[in-house]
Amino acid sequence: MKKILILLTGLLMISCTNDTNTNNCFFGITLNETINLSNPQFIDIQVPGGHTSVVLGGRNVLIIRRTSSAFKAYDLECPERDCSSSMTFDGLKMICPCSQKEYNSLNGSPINGQGCFALEYTVQQISSTALQISR
């Protein structure tokens, strides 16, 4: 009985670590920010099809407004983590400047189909002028 108790305690200690691999490329990245769409820096996402880049929680984040009520948000760190520069967005796809690898802005997938996805955040519209961006 004592051995079983020690084994269970050991298993519980191992399972309490916070080094989860997010998206097979990003480890332990969390974000929980609320933005006010009335701020001038968010004027470009006041209309469907607009986008803006902003620093939230120390991360460079791209926010895209798909429709009047649908938003997407992606981390602009290159998914392969081989570049110190942030990805750029040309209105259709995100591009890592070091490798020129391209990522789909609909789901974050690499356009050539291989490798890591861009890190996507959950976007929830909590009022007509506020968004909650989290992971």
# chains A, B, ... in the order shown; residues from 1 in each chain; ligands from 1

$ residues_around --residues "Ile64 (chain A)" --least-positions-apart "3" --cutoff "9 Å" --atoms "only C-alpha atoms" --output "list in words"
Ile45, Pro48, Gly49, Gly50, His51, Thr52, Ser53, Ala70, Phe71, Lys72, Ala73, Tyr74 and Ser105 of chain A

$ select_by_dssp --residues "region 5-126 of chain A" --states "alpha helix (DSSP H)" --output "list in words"
Leu5, Ile6, Leu7, Leu8, Thr9, Gly10, Leu11, Leu12, Met13 and Ile14 of chain A

$ write_last_selection --atoms "N, CA and C atoms" --output "CSV table (one decimal), in the first residue's frame"
chain,number,residue,atom,x,y,z
A,5,LEU,N,1.0,4.4,-2.8
A,5,LEU,CA,0.8,5.8,-2.4
A,5,LEU,C,2.0,6.6,-2.9
A,6,ILE,N,3.2,6.1,-2.8
A,6,ILE,CA,4.4,6.8,-3.3
A,6,ILE,C,4.4,7.0,-4.8
A,7,LEU,N,4.0,5.9,-5.5
A,7,LEU,CA,3.8,6.0,-6.9
A,7,LEU,C,2.8,7.0,-7.4
A,8,LEU,N,1.6,7.0,-6.8
A,8,LEU,CA,0.6,8.0,-7.1
A,8,LEU,C,1.1,9.4,-6.8
A,9,THR,N,1.8,9.6,-5.7
A,9,THR,CA,2.3,11.0,-5.4
A,9,THR,C,3.3,11.4,-6.5
A,10,GLY,N,4.2,10.5,-6.9
A,10,GLY,CA,5.1,10.8,-7.9
A,10,GLY,C,4.5,11.2,-9.3
A,11,LEU,N,3.4,10.4,-9.6
A,11,LEU,CA,2.7,10.7,-10.9
A,11,LEU,C,2.0,12.1,-10.8
A,12,LEU,N,1.4,12.4,-9.7
A,12,LEU,CA,0.8,13.7,-9.5
A,12,LEU,C,1.8,14.8,-9.7
A,13,MET,N,3.0,14.7,-9.1
A,13,MET,CA,4.0,15.7,-9.2
A,13,MET,C,4.5,15.9,-10.6
A,14,ILE,N,4.6,14.8,-11.4
A,14,ILE,CA,5.0,14.9,-12.8
A,14,ILE,C,4.0,15.6,-13.6

$ closest_residue --among "A:Cys78, A:Ile111, A:Ile43, A:Cys25" --to "Ile63 (chain A)" --atoms "only C-alpha atoms"
A:Ile43

$ closest_residue --among "A:Ala118, A:Leu106, A:Ile133, A:Cys98" --to "Val54 (chain A)" --atoms "only C-alpha atoms"
A:Ile133

$ select_by_dssp --residues "region 3-133 of chain A" --states "strand (DSSP E)" --output "MDAnalysis selection string"
chainID A and resid 21:22 26:27 32:36 51:56 59:65 71:75 88:89 93:95 102:104 120:127 130:133

$ atom_distance --atom1 "CA of Ser84 (chain A)" --atom2 "CA of Pro110 (chain A)"
18.6 Å
